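J.: So I've got this file, input_7.txt, and it contains compact mmCIF, C-alpha atoms:
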```txt
# COMPACT_ATOMS: atom_id res chain seq x y z
CA MET A 1 -77.16 -36.09 173.99
CA LYS A 2 -76.51 -35.95 177.70
CA ARG A 3 -73.17 -37.19 178.92
CA GLN A 4 -74.69 -39.84 181.17
CA TRP A 5 -76.56 -41.39 178.23
CA ILE A 6 -73.33 -41.56 176.24
CA LEU A 7 -71.74 -43.37 179.18
CA VAL A 8 -74.68 -45.78 179.40
CA GLY A 9 -74.30 -46.51 175.67
CA VAL A 10 -70.60 -47.25 176.04
CA ILE A 11 -71.26 -49.55 179.01
CA ALA A 12 -73.96 -51.36 177.02
CA ILE A 13 -71.60 -51.93 174.09
CA LEU A 14 -68.81 -53.17 176.35
CA GLY A 15 -71.26 -55.37 178.20
CA ALA A 16 -72.57 -56.91 174.99
CA SER A 17 -69.03 -57.57 173.78
CA PHE A 18 -68.15 -59.23 177.09
CA LEU A 19 -71.26 -61.43 176.94
CA ILE A 20 -70.46 -62.53 173.38
CA ASP A 21 -66.90 -63.44 174.35
CA TYR A 22 -68.06 -65.18 177.51
CA PHE A 23 -70.68 -67.20 175.61
CA ALA A 24 -68.16 -68.27 172.94
CA GLU A 25 -65.58 -69.29 175.55
CA SER A 26 -68.03 -71.18 177.76
CA GLN A 27 -70.08 -72.92 175.05
CA TYR A 28 -67.47 -73.53 172.35
CA PRO A 29 -64.13 -75.14 173.31
CA GLU A 30 -61.06 -73.74 171.58
CA ALA A 31 -59.18 -75.73 168.95
CA PRO A 32 -56.05 -74.75 167.00
CA LEU A 33 -56.56 -73.51 163.46
CA VAL A 34 -54.48 -75.87 161.33
CA ILE A 35 -53.66 -74.94 157.75
CA ASN A 36 -53.73 -78.13 155.69
CA GLY A 37 -52.52 -76.51 152.49
CA VAL A 38 -54.27 -74.73 149.68
CA PRO A 39 -56.72 -76.99 147.81
CA ASP A 40 -56.18 -77.96 144.19
CA LEU A 41 -56.82 -74.84 142.16
CA SER A 42 -56.76 -74.20 138.45
CA GLU A 43 -55.49 -71.00 136.91
CA ASP A 44 -57.99 -68.59 135.35
CA SER A 45 -60.97 -70.14 137.16
CA GLU A 46 -63.32 -67.27 138.01
CA TYR A 47 -65.82 -67.03 140.87
CA SER A 48 -68.49 -64.34 141.22
CA TYR A 49 -70.71 -62.84 143.90
CA ARG A 50 -73.69 -60.50 143.71
CA ILE A 51 -73.62 -57.70 146.30
CA PHE A 52 -76.75 -56.53 148.14
CA LYS A 53 -77.19 -53.69 150.59
CA ASN A 54 -80.49 -53.45 152.47
CA ASP A 55 -81.90 -56.10 150.07
CA GLU A 56 -81.06 -53.98 147.01
CA GLU A 57 -78.52 -55.31 144.50
CA VAL A 58 -75.73 -52.74 144.29
CA GLY A 59 -72.78 -54.46 142.63
CA THR A 60 -70.64 -57.47 141.87
CA HIS A 61 -67.47 -59.08 143.15
CA ARG A 62 -65.35 -61.61 141.30
CA TYR A 63 -62.01 -63.25 141.94
CA MET A 64 -59.74 -65.59 140.04
CA ILE A 65 -56.49 -67.49 140.46
CA THR A 66 -54.25 -65.81 137.90
CA ASP A 67 -50.97 -67.60 138.59
CA ILE A 68 -49.62 -70.70 140.32
CA ASP A 69 -45.82 -70.72 140.49
CA SER A 70 -44.35 -74.16 141.20
CA THR A 71 -40.70 -73.39 140.42
CA GLY A 72 -39.56 -72.90 144.04
CA ALA A 73 -39.69 -75.03 147.16
CA SER A 74 -43.28 -73.92 147.80
CA LYS A 75 -46.11 -73.15 145.43
CA ILE A 76 -46.93 -69.44 145.15
CA TYR A 77 -50.51 -68.43 144.36
CA THR A 78 -51.77 -65.11 143.00
CA ILE A 79 -55.39 -63.99 143.34
CA ASN A 80 -56.85 -61.01 141.51
CA ALA A 81 -60.18 -59.63 142.67
CA TYR A 82 -62.49 -56.94 141.30
CA THR A 83 -65.43 -55.23 142.97
CA GLN A 84 -67.80 -52.60 141.59
CA VAL A 85 -70.52 -51.01 143.69
CA THR A 86 -73.03 -48.36 142.59
CA GLN A 87 -75.10 -46.60 145.20
CA GLU A 88 -76.87 -43.25 145.18
CA GLY A 89 -75.35 -42.52 141.78
CA LYS A 90 -71.79 -43.03 142.97
CA VAL A 91 -69.52 -45.78 141.64
CA ILE A 92 -66.76 -47.36 143.71
CA GLU A 93 -64.29 -49.73 142.06
CA LEU A 94 -61.83 -51.94 143.92
CA GLU A 95 -59.06 -53.92 142.29
CA ASN A 96 -56.66 -55.99 144.33
CA GLN A 97 -54.02 -58.66 144.13
CA TYR A 98 -53.00 -61.09 146.84
CA VAL A 99 -49.95 -63.37 146.74
CA PHE A 100 -49.51 -66.23 149.25
CA ASP A 101 -47.80 -69.60 149.59
CA GLU A 102 -49.21 -73.11 149.94
CA SER A 103 -49.42 -72.70 153.73
CA TYR A 104 -51.66 -69.66 153.12
CA CYS A 105 -48.91 -67.39 154.49
CA PRO A 106 -49.13 -63.90 152.96
CA ILE A 107 -46.36 -62.57 150.72
CA SER A 108 -47.79 -59.38 149.25
CA TYR A 109 -51.04 -57.48 148.86
CA ARG A 110 -52.16 -54.57 146.71
CA LEU A 111 -55.44 -52.64 146.56
CA ASN A 112 -56.57 -49.78 144.31
CA VAL A 113 -59.79 -47.98 145.25
CA THR A 114 -61.28 -45.57 142.70
CA GLN A 115 -64.09 -43.21 143.68
CA ASP A 116 -65.09 -39.93 142.03
CA GLY A 117 -61.91 -40.03 139.98
CA GLU A 118 -59.69 -40.23 143.07
CA VAL A 119 -57.48 -43.29 143.55
CA THR A 120 -56.36 -44.67 146.91
CA GLN A 121 -53.62 -47.29 146.85
CA ILE A 122 -52.68 -49.72 149.61
CA SER A 123 -49.75 -52.10 149.26
CA SER A 124 -48.30 -54.53 151.81
CA MET A 125 -45.11 -56.60 151.74
CA PHE A 126 -44.27 -59.38 154.20
CA THR A 127 -40.56 -59.98 154.88
CA ASP A 128 -38.65 -61.36 157.89
CA ASN A 129 -41.63 -61.29 160.30
CA THR A 130 -42.42 -57.70 159.34
CA VAL A 131 -45.23 -56.32 157.23
CA THR A 132 -44.70 -52.93 155.60
CA THR A 133 -47.78 -51.14 154.29
CA MET A 134 -47.86 -47.98 152.20
CA VAL A 135 -51.07 -46.00 151.78
CA THR A 136 -51.13 -43.43 148.97
CA VAL A 137 -53.88 -40.87 148.35
CA GLY A 138 -53.10 -38.46 145.52
CA ASP A 139 -49.64 -37.03 146.17
CA SER A 140 -49.61 -37.99 149.85
CA SER A 141 -48.47 -41.29 151.30
CA VAL A 142 -47.77 -42.86 154.67
CA THR A 143 -45.84 -46.02 155.54
CA LEU A 144 -46.69 -48.34 158.44
CA GLU A 145 -44.70 -51.27 159.86
CA ASN A 146 -45.92 -54.10 162.08
CA ASP A 147 -44.25 -57.17 163.52
CA VAL A 148 -45.98 -60.40 162.50
CA SER A 149 -45.57 -64.00 163.58
CA ASP A 150 -45.21 -66.95 161.24
CA ASP A 151 -48.88 -67.87 161.66
CA THR A 152 -50.33 -64.39 161.09
CA LEU A 153 -52.89 -64.42 158.28
CA LEU A 154 -53.93 -61.60 155.99
CA ILE A 155 -57.67 -60.95 155.96
CA GLU A 156 -59.53 -58.71 153.53
CA ASN A 157 -62.87 -58.27 155.24
CA GLY A 158 -64.53 -57.01 152.04
CA MET A 159 -63.33 -59.82 149.78
CA PRO A 160 -65.15 -63.17 150.20
CA GLY A 161 -62.66 -64.99 147.97
CA PHE A 162 -59.92 -64.58 150.60
CA TRP A 163 -62.16 -66.19 153.20
CA GLU A 164 -63.33 -68.96 150.89
CA LEU A 165 -59.77 -70.10 150.22
CA LEU A 166 -58.93 -69.88 153.92
CA PHE A 167 -61.88 -72.11 154.83
CA GLN A 168 -60.92 -74.55 152.06
CA SER A 169 -57.38 -74.69 153.48
CA THR A 170 -58.52 -75.70 156.98
CA ASP A 171 -60.73 -78.27 158.69
CA LEU A 172 -63.27 -76.42 160.81
CA GLU A 173 -65.25 -78.59 163.20
CA PRO A 174 -68.81 -77.71 164.30
CA GLY A 175 -69.03 -76.69 167.94
CA TYR A 176 -65.51 -75.24 168.20
CA ARG A 177 -63.95 -71.80 168.15
CA TYR A 178 -60.63 -70.87 166.56
CA ASN A 179 -58.47 -67.89 167.53
CA VAL A 180 -56.29 -66.35 164.83
CA ASP A 181 -54.12 -63.27 164.44
CA ALA A 182 -54.97 -61.47 161.22
CA TYR A 183 -53.38 -58.50 159.51
CA ILE A 184 -56.00 -56.25 157.90
CA PRO A 185 -54.37 -53.82 155.42
CA GLN A 186 -57.19 -51.25 155.56
CA ALA A 187 -56.80 -51.06 159.33
CA GLY A 188 -53.01 -51.04 159.14
CA GLY A 189 -52.76 -53.42 162.06
CA ILE A 190 -53.19 -56.90 163.51
CA LEU A 191 -56.42 -58.05 165.13
CA SER A 192 -57.02 -61.15 167.23
CA LEU A 193 -60.13 -62.79 165.76
CA THR A 194 -62.31 -65.62 167.00
CA LEU A 195 -64.03 -67.87 164.46
CA VAL A 196 -67.01 -69.74 165.93
CA VAL A 197 -68.48 -72.70 164.04
CA ASN A 198 -72.13 -73.36 164.85
CA ARG A 199 -72.95 -76.83 166.12
CA GLU A 200 -76.04 -77.17 163.96
CA THR A 201 -76.34 -76.60 160.24
CA SER A 202 -78.75 -74.05 158.80
CA GLN A 203 -80.61 -73.63 155.54
CA VAL A 204 -80.26 -70.75 153.12
CA ARG A 205 -82.20 -70.18 149.92
CA LEU A 206 -79.96 -69.45 146.96
CA ASP A 207 -80.77 -69.40 143.25
CA GLY A 208 -84.19 -70.90 143.88
CA GLY A 209 -83.03 -73.82 146.02
CA ASN A 210 -82.40 -74.56 149.69
CA LEU A 211 -78.87 -75.42 150.79
CA GLU A 212 -77.82 -77.09 154.05
CA VAL A 213 -74.90 -74.93 155.23
CA THR A 214 -72.33 -74.66 157.99
CA VAL A 215 -72.35 -71.25 159.69
CA VAL A 216 -69.13 -69.57 160.82
CA SER A 217 -69.22 -66.22 162.61
CA VAL A 218 -66.53 -63.67 163.44
CA ALA A 219 -68.12 -61.39 166.03
CA ASP A 220 -65.00 -59.18 166.14
CA LEU A 221 -65.81 -57.98 162.58
CA ASP A 222 -69.59 -58.57 162.52
CA LEU A 223 -69.13 -61.15 159.76
CA VAL A 224 -71.11 -64.35 159.17
CA PHE A 225 -70.20 -67.00 156.59
CA TYR A 226 -72.37 -69.76 155.13
CA LEU A 227 -70.43 -72.73 153.74
CA TYR A 228 -71.81 -75.40 151.45
CA GLU A 229 -69.45 -78.24 150.53
CA ASP A 230 -66.42 -75.99 151.15
CA GLU A 231 -67.86 -73.17 149.06
CA LEU A 232 -68.62 -69.80 150.64
CA VAL A 233 -72.10 -69.38 149.19
CA LEU A 234 -73.22 -66.46 151.37
CA TYR A 235 -71.19 -63.70 153.04
CA ARG A 236 -72.87 -61.34 155.51
CA ASP A 237 -71.32 -58.13 156.83
CA ASP A 238 -73.74 -56.93 159.51
CA ASN A 239 -71.70 -53.81 160.26
CA GLN A 240 -72.05 -52.59 156.66
CA GLU A 241 -75.49 -54.19 156.16
CA VAL A 242 -74.05 -55.96 153.11
CA VAL A 243 -74.74 -59.47 151.83
CA MET A 244 -72.78 -61.20 149.06
CA ARG A 245 -74.34 -64.21 147.31
CA LYS A 246 -72.18 -66.54 145.29
CA VAL A 247 -73.21 -67.19 141.70
CA LEU A 248 -73.39 -71.00 141.53
```
Reformat the file's structure so that it appears as structure tokens.

T.:
Amino acid sequence: MKRQWILVGVIAILGASFLIDYFAESQYPEAPLVINGVPDLSEDSEYSYRIFKNDEEVGTHRYMITDIDSTGASKIYTINAYTQVTQEGKVIELENQYVFDESYCPISYRLNVTQDGEVTQISSMFTDNTVTTMVTVGDSSVTLENDVSDDTLLIENGMPGFWELLFQSTDLEPGYRYNVDAYIPQAGGILSLTLVVNRETSQVRLDGGNLEVTVVSVADLDLVFYLYEDELVLYRDDNQEVVMRKVL
């Protein structure tokens, strides 16, 4: 490819990104993202999603609340999530655990990824406005440190359960955008994300019925969420061409 065409492509991408940001800022006023507290949850309740890639079902995702600790000043919640994807004869398994308090502030995170017999481990600990992440592949490991503020969230962009609980812990108003700082363990860093809530509802067909849903998009990650009565019923990752449908 000629160099000038590469340059044109880069300019086009930057231009599109600028237009998206400009549209969001001009059409959707900003509002603060207020965490109202984690909703009432029951231990051992399990929630499942079916995973599709290019309209082909390739796996499942499920998450559950495995522990609610009420002994301290703040409730501590533990989520365990499991994902299995099979594509082109290859199986990828993800198992993770996320611990957070009743203000949805992260405490710790752990992820094991198994593919072709090889295990990759990611673990993050949040202490004193610092997050320390260790990534281990085989016998090799690397440790990363980042400063975080009190309102930094942890986002797992491949786990819809994390997002569902976040949306249930906030009041998102149609026609507004919300800016948040989010730590993404797989990226080993903090991203500034903009959540845009569509003014109008949409309809999605799920399990043979039509649902009137609220649509929330995060252009920074190419993610779109469809919420029905506080449930994340459809999760769309346009970058990966993946759709996750909740089993109702």

J.: I'd like the contact shell of Asp222 in chain A - 12 Å cut-off, all atoms listed in the file, skipping same-chain residues fewer than 5 positions apart - returned as number ranges by chain.

T.: A: 17, 20, 157-158, 193-196, 216-217, 235-243

J.: Using only C-alpha atoms, which residue out of A:Cys105, A:Leu111, A:Leu206, A:Val137 lies closest to Asp150 in chain A?

T.: A:Cys105

J.: Nearest residue to Asp230 in chain A out of A:Ile184, A:Ser103, A:Glu93, A:Pro39, using only C-alpha atoms?

T.: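 Smallest separation from Asp230 in chain A among the options: A:Pro39.
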
J.: Using all atoms listed in the file, can you list as a compact mmCIF listing (two decimals) with C-alpha atoms, in the frame of the given file the residues within 8 Å of (-52.9, -51.6, 153.1)?

T.:
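File written: part.txt
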```
# COMPACT_ATOMS: atom_id res chain seq x y z
CA TYR A 109 -51.04 -57.48 148.86
CA ARG A 110 -52.16 -54.57 146.71
CA LEU A 111 -55.44 -52.64 146.56
CA GLN A 121 -53.62 -47.29 146.85
CA ILE A 122 -52.68 -49.72 149.61
CA SER A 123 -49.75 -52.10 149.26
CA SER A 124 -48.30 -54.53 151.81
CA THR A 133 -47.78 -51.14 154.29
CA MET A 134 -47.86 -47.98 152.20
CA VAL A 135 -51.07 -46.00 151.78
CA ILE A 184 -56.00 -56.25 157.90
CA PRO A 185 -54.37 -53.82 155.42
CA GLN A 186 -57.19 -51.25 155.56
CA ALA A 187 -56.80 -51.06 159.33
CA GLY A 188 -53.01 -51.04 159.14
```

J.: For Val233 in chain A, work out the shell of residues within 7 Å, counting all atoms listed in the file and skipping chain neighbours fewer than 4 positions away, then give it as a PyMOL selection string.

T.: chain A and resi 226-228+245-246

J.: Can you measure CA of Asn80 in chain A to CA of Glu156 in chain A for me? One decimal in Å is fine.

T.: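 Result for CA of Asn80 in chain A versus CA of Glu156 in chain A: 12.5 Å, one decimal.
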
J.: If I take CA of Ser45 in chain A and CA of Pro160 in chain A, how far is one from the other in Å, to one decimal?

T.: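 Distance reported for this atom pair: 15.4 Å.
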
J.: Would you work out the distance separating CA of Arg62 in chain A from CA of Lys90 in chain A, expressed in Å to one decimal?

T.: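 About the pair CA of Arg62 in chain A and CA of Lys90 in chain A: they are 19.7 Å apart.
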
J.: Using only C-alpha atoms for the distances, tell me which of A:Asp101, A:Glu88, A:Glu229, A:Asp116 is nearest to Phe167 in chain A.

T.: A:Glu229

J.: Identify which of the residues A:Thr143, A:Ser149, A:Gln97, A:Gln27 lies closest to Asn112 in chain A, counting all atoms listed in the file when measuring atom-to-atom distances.

T.: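 That would be A:Gln97, the residue with the smallest distance to Asn112 in chain A.
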
J.: For each of A:Tyr183, A:Tyr77, A:Thr170, A:Ile35, take the minimum atom-to-atom distance to Phe126 in chain A, counting only C-alpha atoms, then give the residue where this is smallest.

T.: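 Using only C-alpha atoms, Phe126 in chain A sits closest to A:Tyr183.
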
J.: Measuring atom to atom with all atoms listed in the file, identify which of A:Lys53, A:Arg177, A:Arg205, A:Arg199 is nearest to Leu234 in chain A.

T.: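 Looking only at the distances to Leu234 in chain A, the closest residue turns out to be A:Arg205.
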
J.: Can you tell me which residues surround Ala31 in chain A at a distance of at most 9 Å, considering all atoms listed in the file, apart from same-chain residues fewer than 5 positions away, and format the answer as a list in words?

T.: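 Listing them by chain and then by number gives Glu173, Tyr176, Arg177, Tyr178 and Asn179 of chain A.
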
J.: Hey, what's within 8 Å of Asp181 in chain A if we count all atoms listed in the file and toss same-chain stuff fewer than 4 positions away? As a list in words, please?

T.: Asp151, Thr152, Leu153, Ile190, Leu191, Ser192 and Leu193 of chain A
